[in-house]
file target-v9.txt (compact mmCIF, C-alpha atoms and all ligand atoms)
# COMPACT_ATOMS: atom_id res chain seq x y z
CA MET A 1 40.13 -37.31 -25.42
CA SER A 2 40.01 -35.37 -28.69
CA LYS A 3 40.38 -31.59 -28.70
CA LYS A 4 36.78 -31.25 -29.82
CA LYS A 5 35.52 -33.36 -26.90
CA THR A 6 37.65 -31.44 -24.41
CA ALA A 7 36.29 -28.16 -25.74
CA MET A 8 32.75 -29.48 -25.46
CA LEU A 9 33.37 -30.67 -21.88
CA LEU A 10 34.83 -27.31 -20.91
CA PHE A 11 31.85 -25.57 -22.49
CA LEU A 12 29.38 -27.72 -20.54
CA LEU A 13 31.32 -27.19 -17.30
CA SER A 14 31.25 -23.43 -17.83
CA ILE A 15 27.48 -23.54 -18.29
CA VAL A 16 27.09 -25.54 -15.05
CA PHE A 17 29.39 -23.10 -13.26
CA ALA A 18 27.48 -20.09 -14.63
CA ALA A 19 24.18 -21.62 -13.51
CA ILE A 20 25.54 -22.20 -9.98
CA THR A 21 26.86 -18.64 -9.66
CA LEU A 22 23.64 -17.22 -11.06
CA GLY A 23 21.71 -19.23 -8.47
CA GLU A 24 23.97 -17.89 -5.73
CA ASP A 25 23.52 -14.35 -7.01
CA ILE A 26 19.77 -14.73 -6.94
CA MET A 27 19.88 -16.16 -3.41
CA HIS A 28 22.17 -13.36 -2.32
CA LEU A 29 19.84 -10.82 -3.88
CA SER A 30 16.76 -12.16 -2.11
CA LYS A 31 18.67 -12.33 1.18
CA SER A 32 19.80 -8.77 0.81
CA TYR A 33 16.25 -7.61 0.02
CA GLN A 34 15.16 -9.22 3.27
CA ALA A 35 17.98 -7.49 5.10
CA LEU A 36 17.04 -4.19 3.46
CA ARG A 37 13.44 -4.70 4.55
CA GLN A 38 14.55 -5.33 8.11
CA GLU A 39 16.59 -2.12 8.06
CA MET A 40 13.66 -0.22 6.58
CA VAL A 41 11.41 -1.35 9.44
CA GLU A 42 14.02 -0.54 12.10
CA ASN A 43 15.31 2.79 10.80
CA GLN A 44 12.36 4.35 9.01
CA ILE A 45 9.33 2.94 10.77
CA LYS A 46 10.06 1.82 14.35
CA ALA A 47 12.47 4.71 14.79
CA ARG A 48 9.65 7.14 13.98
CA GLY A 49 7.34 5.68 16.57
CA ILE A 50 5.23 3.06 14.78
CA THR A 51 4.77 0.27 17.30
CA GLY A 52 1.78 -1.83 16.17
CA ALA A 53 2.91 -5.45 15.83
CA ALA A 54 0.48 -6.11 12.99
CA VAL A 55 1.77 -3.17 10.94
CA LEU A 56 5.45 -3.91 11.61
CA GLY A 57 4.87 -7.57 10.72
CA ALA A 58 3.20 -6.69 7.43
CA MET A 59 5.92 -4.17 6.49
CA LEU A 60 8.53 -6.84 7.20
CA LYS A 61 6.72 -9.48 5.18
CA VAL A 62 5.50 -7.74 2.02
CA GLU A 63 8.24 -7.60 -0.63
CA ARG A 64 8.16 -3.96 -1.65
CA HIS A 65 10.64 -4.57 -4.49
CA ARG A 66 7.98 -6.67 -6.27
CA PHE A 67 5.77 -3.58 -6.58
CA VAL A 68 8.21 -1.23 -8.34
CA PRO A 69 9.52 -1.21 -11.92
CA GLU A 70 12.65 -3.33 -12.56
CA ILE A 71 14.94 -0.30 -12.73
CA MET A 72 13.71 0.98 -9.31
CA LYS A 73 14.20 -2.32 -7.47
CA PRO A 74 17.58 -1.40 -5.92
CA LEU A 75 15.90 1.71 -4.45
CA SER A 76 12.75 -0.03 -3.29
CA TYR A 77 13.57 0.02 0.44
CA GLY A 78 14.72 3.65 0.49
CA ASP A 79 13.08 6.35 2.60
CA ARG A 80 11.15 7.92 -0.29
CA PRO A 81 8.29 7.53 -2.74
CA LEU A 82 9.21 6.05 -6.15
CA PRO A 83 7.76 6.37 -9.65
CA ILE A 84 5.63 3.40 -10.76
CA GLY A 85 4.74 4.57 -14.28
CA GLU A 86 1.80 6.55 -15.70
CA GLY A 87 3.06 9.58 -13.76
CA GLN A 88 2.13 7.95 -10.43
CA THR A 89 4.14 6.96 -7.35
CA ILE A 90 4.30 4.32 -4.64
CA SER A 91 4.25 6.14 -1.28
CA GLN A 92 7.22 6.37 1.08
CA PRO A 93 7.30 3.26 3.34
CA TYR A 94 6.84 5.35 6.51
CA ILE A 95 3.69 7.00 5.13
CA VAL A 96 2.25 3.58 4.23
CA ALA A 97 2.98 2.34 7.76
CA LEU A 98 1.67 5.52 9.41
CA MET A 99 -1.64 5.51 7.51
CA THR A 100 -2.09 1.80 8.17
CA GLU A 101 -1.35 2.19 11.87
CA LEU A 102 -3.70 5.16 12.17
CA ILE A 103 -6.69 3.27 10.84
CA ILE A 104 -5.87 -0.21 12.09
CA CYS A 105 -4.19 0.09 15.45
CA SER A 106 -4.21 3.60 16.75
CA SER A 107 -6.86 5.53 18.57
CA ILE A 108 -8.46 8.94 18.35
CA SER A 109 -10.55 10.76 20.91
CA GLY A 110 -9.40 8.43 23.66
CA GLU A 111 -10.71 5.25 22.06
CA THR A 112 -8.38 2.34 22.71
CA ALA A 113 -10.40 -0.76 21.85
CA ILE A 114 -8.43 -1.73 18.77
CA LYS A 115 -5.08 -0.69 20.16
CA SER A 116 -5.38 -3.25 22.93
CA ALA A 117 -5.97 -6.19 20.60
CA PRO A 118 -4.77 -5.16 17.16
CA SER A 119 -4.42 -8.46 15.40
CA THR A 120 -7.67 -10.18 16.39
CA ALA A 121 -9.84 -7.07 16.10
CA ALA A 122 -8.25 -6.02 12.82
CA LYS A 123 -8.81 -9.46 11.30
CA ARG A 124 -12.51 -8.65 10.97
CA LEU A 125 -12.11 -5.31 9.23
CA LYS A 126 -13.40 -4.53 5.75
CA VAL A 127 -11.27 -1.83 4.16
CA LEU A 128 -11.70 0.39 1.09
CA GLU A 129 -8.65 1.94 -0.56
CA ILE A 130 -8.84 4.70 -3.17
CA GLY A 131 -5.75 4.73 -5.42
CA THR A 132 -4.46 1.17 -5.91
CA GLY A 133 -1.32 2.36 -7.73
CA SER A 134 1.24 -0.44 -7.42
CA GLY A 135 -0.94 -2.49 -5.06
CA TYR A 136 1.63 -2.27 -2.22
CA GLN A 137 -0.61 -0.51 0.31
CA ALA A 138 -3.41 -2.98 -0.53
CA ALA A 139 -1.05 -5.91 0.17
CA ILE A 140 -0.02 -4.40 3.53
CA LEU A 141 -3.70 -3.99 4.47
CA ALA A 142 -4.57 -7.50 3.28
CA GLU A 143 -2.00 -8.93 5.71
CA ILE A 144 -3.89 -7.32 8.59
CA ALA A 145 -7.57 -6.93 7.68
CA ALA A 146 -10.25 -9.35 6.49
CA GLU A 147 -11.03 -7.85 3.09
CA VAL A 148 -9.52 -5.05 1.02
CA TYR A 149 -11.48 -3.35 -1.77
CA THR A 150 -9.29 -1.07 -3.86
CA ILE A 151 -10.14 1.30 -6.73
CA GLU A 152 -7.73 2.64 -9.37
CA ILE A 153 -8.67 5.14 -12.05
CA VAL A 154 -5.69 4.50 -14.38
CA GLU A 155 -6.52 1.22 -16.05
CA PRO A 156 -3.00 -0.09 -16.86
CA LEU A 157 -1.97 0.44 -13.21
CA GLY A 158 -5.07 -1.29 -11.85
CA VAL A 159 -4.66 -4.23 -14.22
CA ARG A 160 -0.97 -4.62 -13.37
CA ALA A 161 -1.59 -4.43 -9.62
CA GLN A 162 -4.41 -6.96 -9.82
CA LYS A 163 -2.18 -9.41 -11.72
CA LEU A 164 0.68 -9.01 -9.26
CA LEU A 165 -1.54 -9.37 -6.18
CA GLU A 166 -3.01 -12.55 -7.67
CA GLU A 167 0.48 -13.85 -8.42
CA LEU A 168 1.46 -13.16 -4.81
CA GLY A 169 -1.49 -15.26 -3.67
CA TYR A 170 -3.77 -12.62 -2.11
CA LYS A 171 -7.34 -13.90 -2.06
CA ASN A 172 -8.82 -11.09 0.03
CA ILE A 173 -8.08 -8.13 -2.27
CA TYR A 174 -10.65 -6.97 -4.83
CA VAL A 175 -9.43 -4.48 -7.46
CA LYS A 176 -11.81 -2.29 -9.45
CA ILE A 177 -10.97 0.11 -12.26
CA GLY A 178 -13.00 3.26 -11.77
CA ASP A 179 -13.35 6.64 -10.12
CA GLY A 180 -12.81 6.48 -6.37
CA TYR A 181 -14.81 9.68 -5.80
CA LYS A 182 -17.90 7.55 -5.82
CA GLY A 183 -16.49 4.87 -3.55
CA TRP A 184 -17.81 1.32 -4.00
CA PRO A 185 -21.49 1.58 -2.97
CA GLU A 186 -22.32 -2.10 -3.65
CA LYS A 187 -19.76 -3.19 -1.05
CA ALA A 188 -20.39 -0.46 1.56
CA PRO A 189 -20.29 0.10 4.47
CA PHE A 190 -16.56 -0.07 5.13
CA ASP A 191 -14.98 -0.22 8.60
CA ARG A 192 -11.98 1.63 7.27
CA ILE A 193 -11.30 3.84 4.24
CA ILE A 194 -7.80 4.82 3.16
CA VAL A 195 -7.32 7.37 0.40
CA THR A 196 -3.87 7.49 -1.20
CA CYS A 197 -4.45 10.36 -3.62
CA ALA A 198 -5.45 13.86 -2.56
CA PRO A 199 -8.86 15.43 -3.25
CA GLU A 200 -9.41 19.11 -2.49
CA GLU A 201 -12.27 18.19 -0.17
CA VAL A 202 -13.37 14.92 1.40
CA PRO A 203 -15.82 13.30 -1.08
CA ASP A 204 -19.35 12.97 0.36
CA ALA A 205 -19.75 9.50 -1.11
CA LEU A 206 -16.82 8.23 0.95
CA LEU A 207 -18.16 9.77 4.18
CA GLY A 208 -21.48 8.06 3.49
CA GLN A 209 -19.85 4.66 2.94
CA LEU A 210 -17.98 4.71 6.25
CA ALA A 211 -19.45 2.36 8.88
CA ALA A 212 -21.67 4.42 11.21
CA ASP A 213 -20.42 2.70 14.37
CA GLY A 214 -16.82 3.82 14.65
CA GLY A 215 -15.75 3.74 11.00
CA ARG A 216 -12.45 5.50 10.32
CA MET A 217 -10.99 7.17 7.28
CA ILE A 218 -7.48 8.41 6.63
CA ILE A 219 -7.24 10.91 3.78
CA PRO A 220 -4.88 13.61 2.47
CA VAL A 221 -6.87 16.76 1.72
CA GLY A 222 -5.69 19.80 -0.19
CA GLU A 223 -4.72 21.32 -3.48
CA ALA A 224 -2.67 19.51 -6.11
CA GLY A 225 1.01 20.43 -6.13
CA ALA A 226 0.96 21.76 -2.56
CA THR A 227 1.37 19.94 0.72
CA GLN A 228 -1.88 18.47 1.93
CA LYS A 229 -3.27 17.83 5.37
CA LEU A 230 -3.45 14.19 6.37
CA VAL A 231 -6.74 13.91 8.22
CA LEU A 232 -8.16 11.07 10.32
CA ILE A 233 -11.95 10.98 10.37
CA LYS A 234 -13.96 8.92 12.80
CA ARG A 235 -17.68 8.38 12.32
CA GLU A 236 -20.13 7.99 15.20
CA GLY A 237 -23.61 7.91 13.66
CA ASP A 238 -24.10 11.26 11.94
CA LYS A 239 -21.10 12.75 13.69
CA TYR A 240 -17.72 12.93 11.95
CA ILE A 241 -14.78 13.76 14.19
CA ARG A 242 -11.71 15.05 12.34
CA ASP A 243 -8.11 14.98 13.61
CA PHE A 244 -5.23 16.64 11.78
CA ILE A 245 -2.23 14.28 11.71
CA THR A 246 0.57 15.86 9.65
CA TYR A 247 1.41 17.45 6.32
CA VAL A 248 1.95 15.09 3.38
CA MET A 249 2.40 15.24 -0.39
CA PHE A 250 0.26 12.92 -2.49
CA VAL A 251 -0.62 12.88 -6.19
CA PRO A 252 -3.98 14.58 -6.80
CA MET A 253 -7.23 12.67 -6.90
CA VAL A 254 -8.48 13.04 -10.46
CA GLY A 255 -11.77 12.12 -12.10
CA GLN A 256 -15.31 13.26 -11.63
CA LYS A 257 -15.64 15.70 -8.76
CA ASP A 258 -19.40 15.39 -8.25
CA GLY A 259 -20.40 15.03 -4.67
CA VAL A 260 -17.48 17.01 -3.31
CA LYS A 261 -18.46 18.71 -0.10
N1 LIG B 301 -1.53 3.21 -2.79
C1 LIG B 301 -0.61 3.18 -3.93
C2 LIG B 301 -0.02 4.53 -4.26
C3 LIG B 301 -1.03 5.45 -4.74
S1 LIG B 301 -0.54 6.69 -5.85
C4 LIG B 301 0.48 2.18 -3.72
O1 LIG B 301 0.57 1.55 -2.66
O2 LIG B 301 1.27 2.00 -4.66
C5 LIG B 301 -2.17 7.35 -6.08
C6 LIG B 301 -3.00 6.56 -7.05
O3 LIG B 301 -4.31 7.12 -7.03
C7 LIG B 301 -2.52 6.66 -8.49
O4 LIG B 301 -2.30 5.38 -9.00
C8 LIG B 301 -3.66 7.37 -9.21
O5 LIG B 301 -3.85 6.93 -10.53
C9 LIG B 301 -4.85 7.01 -8.33
N2 LIG B 301 -6.02 7.89 -8.44
C10 LIG B 301 -6.06 9.25 -8.65
N3 LIG B 301 -7.33 9.67 -8.69
C11 LIG B 301 -8.12 8.59 -8.49
C12 LIG B 301 -9.52 8.39 -8.43
N4 LIG B 301 -10.41 9.40 -8.59
N5 LIG B 301 -9.99 7.13 -8.22
C13 LIG B 301 -9.13 6.09 -8.06
N6 LIG B 301 -7.79 6.21 -8.11
C14 LIG B 301 -7.29 7.44 -8.33

call {"tool": "encode", "arguments": {"input": "target-v9.txt", "output": "structure tokens", "more": "lines below"}}
Ligand code: SAH
result
Amino acid sequence: MSKKKTAMLLFLLSIVFAAITLGEDIMHLSKSYQALRQEMVENQIKARGITGAAVLGAMLKVERHRFVPEIMKPLSYGDRPLPIGEGQTISQPYIVALMTELIICSSISGETAIKSAPSTAAKRLKVLEIGTGSGYQAAILAEIAAEVYTIEIVEPLGVRAQKLLEELGYKNIYVKIGDGYKGWPEKAPFDRIIVTCAPEEVPDALLGQLAADGGRMIIPVGEAGATQKLVLIKREGDKYIRDFITYVMFVPMVGQKDGVK
């Protein structure tokens, strides 16, 4: 074999070898993301008392690293919120799980209907989210509920989330670019409303779009830059029962503030 041919053969072999190692690296990476997700569920979510099988299953399944910018991927299963661009953040995994559990599985004022049969009962729920952001919370909800309607005010974020959610195969998530203060009147009423940005007061429009027979809303309320109160609201006809859950820190709800109570 001539020197030239040997060099060519070695070159081809090195390409094949590089391709194999790259493949292994990628496999290793995806395996380790799965392992990281498992750890996240055990150490951050179960350990803090979230027990709903539907919520734990969704947190285990949805690939959080797909929802963060490339540079943040290694941190995507950490116990913290992360920047997603446009000055916005993806919430801490525990907060996503807590808010989901509170509206999907948990009970307030002694009501236990959904807690006893989370997966079948939840499968019928129509949910509205205000603040699509990365689309992660919407994906978690879509694993559990029937339909998820989600509104984002920052167009590039909404467009990116919609594209990703489509790519991931979600057919039950509807993204709208707009101001969440007004809700989504054409699609109301909603069994559940989850607000992932903080208004100073609960918007009237959202209260009005909550299903009258046991609709529930989870919403952080308070001033921008300070800690806000995470509040669970349950509607029974014209009655709205409010429960304080904990203190949280969300980005402010921006946009038109008409209709604020
Ligand atoms: N749920 C998101 C995180 C939300 S961050 C996730 O899982 O990634 C809060 C989001 O609310 C930001 O993207 C912000 O642009 C959006 N937002 C703020 N005010 C809004 C409003 N009035 N209507 C709709 N979205 C709003």

call {"tool": "atom_distance", "arguments": {"input": "target-v9.txt", "atom1": "atom CA of A:Arg124", "atom2": "atom CA of A:Ala161"}}
result
23.7 Å

call {"tool": "atom_distance", "arguments": {"input": "target-v9.txt", "atom1": "atom CA of A:Tyr181", "atom2": "atom CA of A:Cys105"}}
result
25.6 Å

call {"tool": "closest_residue", "arguments": {"input": "target-v9.txt", "among": "A:Gly208, A:Gly135, A:Gly87, A:Pro189", "to": "A:Tyr174", "atoms": "only C-alpha atoms"}}
result
A:Gly135

call {"tool": "atom_distance", "arguments": {"input": "target-v9.txt", "atom1": "atom CA of A:Arg80", "atom2": "atom CA of A:Glu147"}}
result
27.4 Å

call {"tool": "residues_near_ligand", "arguments": {"input": "target-v9.txt", "ligand": "ligand LIG 301 (chain B)", "cutoff": "8 Å", "atoms": "all atoms listed in the file", "output": "JSON, numbers by chain"}}
result
{"A": [67, 84, 86, 88, 89, 90, 91, 96, 129, 130, 131, 132, 133, 134, 135, 136, 137, 138, 151, 152, 153, 154, 157, 158, 177, 178, 179, 180, 181, 195, 196, 197, 198, 250, 251, 252, 253, 254, 255, 256]}

call {"tool": "closest_residue", "arguments": {"input": "target-v9.txt", "among": "A:Tyr240, A:Trp184, A:Phe11, A:Tyr33", "to": "A:Gln209", "atoms": "all atoms listed in the file"}}
result
A:Trp184

call {"tool": "residues_near_point", "arguments": {"input": "target-v9.txt", "point": "(-5.0, -15.7, 0.0)", "cutoff": "12 Å", "atoms": "all atoms listed in the file", "output": "PyMOL selection string"}}
result
chain A and resi 139+142-143+145-148+165-174

call {"tool": "closest_residue", "arguments": {"input": "target-v9.txt", "among": "A:Asp79, A:Glu101, A:Phe244, A:Glu186", "to": "A:Thr51", "atoms": "only C-alpha atoms"}}
result
A:Glu101

call {"tool": "closest_residue", "arguments": {"input": "target-v9.txt", "among": "A:Ala212, A:Tyr149, A:Thr227, A:Leu82", "to": "A:Pro185", "atoms": "all atoms listed in the file"}}
result
A:Tyr149

call {"tool": "closest_residue", "arguments": {"input": "target-v9.txt", "among": "A:Ala205, A:Ala226, A:Met40, A:Ile218", "to": "A:Ile245", "atoms": "all atoms listed in the file"}}
result
A:Ile218

call {"tool": "residues_around", "arguments": {"input": "target-v9.txt", "residues": "A:Tyr77", "least_positions_apart": "4", "cutoff": "12 Å", "atoms": "all atoms listed in the file", "output": "count of residues only"}}
result
32

call {"tool": "closest_residue", "arguments": {"input": "target-v9.txt", "among": "A:Lys182, A:Lys176, A:Val55, A:Ala122", "to": "A:Ile95", "atoms": "only C-alpha atoms"}}
result
A:Val55

call {"tool": "residues_around", "arguments": {"input": "target-v9.txt", "residues": "A:Ile233", "least_positions_apart": "6", "cutoff": "6 Å", "atoms": "only C-alpha atoms", "output": "tab-separated table (two decimals) with C-alpha atoms, in the frame of the given file"}}
result
chain	number	residue	atom	x	y	z
A	216	ARG	CA	-12.45	5.50	10.32
A	217	MET	CA	-10.99	7.17	7.28
A	241	ILE	CA	-14.78	13.76	14.19
A	242	ARG	CA	-11.71	15.05	12.34

call {"tool": "build_atoms", "arguments": {"input": "target-v9.txt", "residues": "stretch 79-98 of chain A", "atoms": "N, CA and C atoms", "output": "PDB file, keeping the file's coordinate frame"}}
result
ATOM      1  N   ASP A  79      13.991   5.524   1.796  1.00  0.00           N
ATOM      2  CA  ASP A  79      13.080   6.350   2.600  1.00  0.00           C
ATOM      3  C   ASP A  79      12.389   7.394   1.733  1.00  0.00           C
ATOM      4  N   ARG A  80      11.737   6.959   0.661  1.00  0.00           N
ATOM      5  CA  ARG A  80      11.150   7.920  -0.290  1.00  0.00           C
ATOM      6  C   ARG A  80      10.091   7.255  -1.158  1.00  0.00           C
ATOM      7  N   PRO A  81       9.204   8.086  -1.733  1.00  0.00           N
ATOM      8  CA  PRO A  81       8.290   7.530  -2.740  1.00  0.00           C
ATOM      9  C   PRO A  81       9.069   7.224  -4.016  1.00  0.00           C
ATOM     10  N   LEU A  82       8.524   6.385  -4.890  1.00  0.00           N
ATOM     11  CA  LEU A  82       9.210   6.050  -6.150  1.00  0.00           C
ATOM     12  C   LEU A  82       8.201   6.066  -7.297  1.00  0.00           C
ATOM     13  N   PRO A  83       8.668   6.414  -8.501  1.00  0.00           N
ATOM     14  CA  PRO A  83       7.760   6.370  -9.650  1.00  0.00           C
ATOM     15  C   PRO A  83       7.366   4.936 -10.004  1.00  0.00           C
ATOM     16  N   ILE A  84       6.094   4.748 -10.375  1.00  0.00           N
ATOM     17  CA  ILE A  84       5.630   3.400 -10.760  1.00  0.00           C
ATOM     18  C   ILE A  84       5.063   3.397 -12.183  1.00  0.00           C
ATOM     19  N   GLY A  85       5.274   4.480 -12.926  1.00  0.00           N
ATOM     20  CA  GLY A  85       4.740   4.570 -14.280  1.00  0.00           C
ATOM     21  C   GLY A  85       3.445   5.357 -14.300  1.00  0.00           C
ATOM     22  N   GLU A  86       3.040   5.785 -15.510  1.00  0.00           N
ATOM     23  CA  GLU A  86       1.800   6.550 -15.700  1.00  0.00           C
ATOM     24  C   GLU A  86       1.786   7.834 -14.865  1.00  0.00           C
ATOM     25  N   GLY A  87       2.958   8.346 -14.532  1.00  0.00           N
ATOM     26  CA  GLY A  87       3.060   9.580 -13.760  1.00  0.00           C
ATOM     27  C   GLY A  87       2.668   9.425 -12.290  1.00  0.00           C
ATOM     28  N   GLN A  88       2.573   8.194 -11.820  1.00  0.00           N
ATOM     29  CA  GLN A  88       2.130   7.950 -10.430  1.00  0.00           C
ATOM     30  C   GLN A  88       3.289   7.446  -9.573  1.00  0.00           C
ATOM     31  N   THR A  89       3.067   7.392  -8.260  1.00  0.00           N
ATOM     32  CA  THR A  89       4.140   6.960  -7.350  1.00  0.00           C
ATOM     33  C   THR A  89       3.635   5.962  -6.323  1.00  0.00           C
ATOM     34  N   ILE A  90       4.562   5.173  -5.815  1.00  0.00           N
ATOM     35  CA  ILE A  90       4.300   4.320  -4.640  1.00  0.00           C
ATOM     36  C   ILE A  90       4.753   5.179  -3.456  1.00  0.00           C
ATOM     37  N   SER A  91       3.942   5.246  -2.407  1.00  0.00           N
ATOM     38  CA  SER A  91       4.250   6.140  -1.280  1.00  0.00           C
ATOM     39  C   SER A  91       5.509   5.694  -0.530  1.00  0.00           C
ATOM     40  N   GLN A  92       6.081   6.635   0.187  1.00  0.00           N
ATOM     41  CA  GLN A  92       7.220   6.370   1.080  1.00  0.00           C
ATOM     42  C   GLN A  92       6.806   5.306   2.102  1.00  0.00           C
ATOM     43  N   PRO A  93       7.687   4.336   2.403  1.00  0.00           N
ATOM     44  CA  PRO A  93       7.300   3.260   3.340  1.00  0.00           C
ATOM     45  C   PRO A  93       6.717   3.780   4.662  1.00  0.00           C
ATOM     46  N   TYR A  94       7.324   4.825   5.223  1.00  0.00           N
ATOM     47  CA  TYR A  94       6.840   5.350   6.510  1.00  0.00           C
ATOM     48  C   TYR A  94       5.390   5.830   6.403  1.00  0.00           C
ATOM     49  N   ILE A  95       5.059   6.481   5.303  1.00  0.00           N
ATOM     50  CA  ILE A  95       3.690   7.000   5.130  1.00  0.00           C
ATOM     51  C   ILE A  95       2.689   5.833   5.026  1.00  0.00           C
ATOM     52  N   VAL A  96       3.097   4.775   4.328  1.00  0.00           N
ATOM     53  CA  VAL A  96       2.250   3.580   4.230  1.00  0.00           C
ATOM     54  C   VAL A  96       2.005   3.010   5.641  1.00  0.00           C
ATOM     55  N   ALA A  97       3.086   2.896   6.403  1.00  0.00           N
ATOM     56  CA  ALA A  97       2.980   2.340   7.760  1.00  0.00           C
ATOM     57  C   ALA A  97       2.145   3.248   8.660  1.00  0.00           C
ATOM     58  N   LEU A  98       2.385   4.560   8.561  1.00  0.00           N
ATOM     59  CA  LEU A  98       1.670   5.520   9.410  1.00  0.00           C
ATOM     60  C   LEU A  98       0.158   5.469   9.132  1.00  0.00           C
TER      61      LEU A  98
END
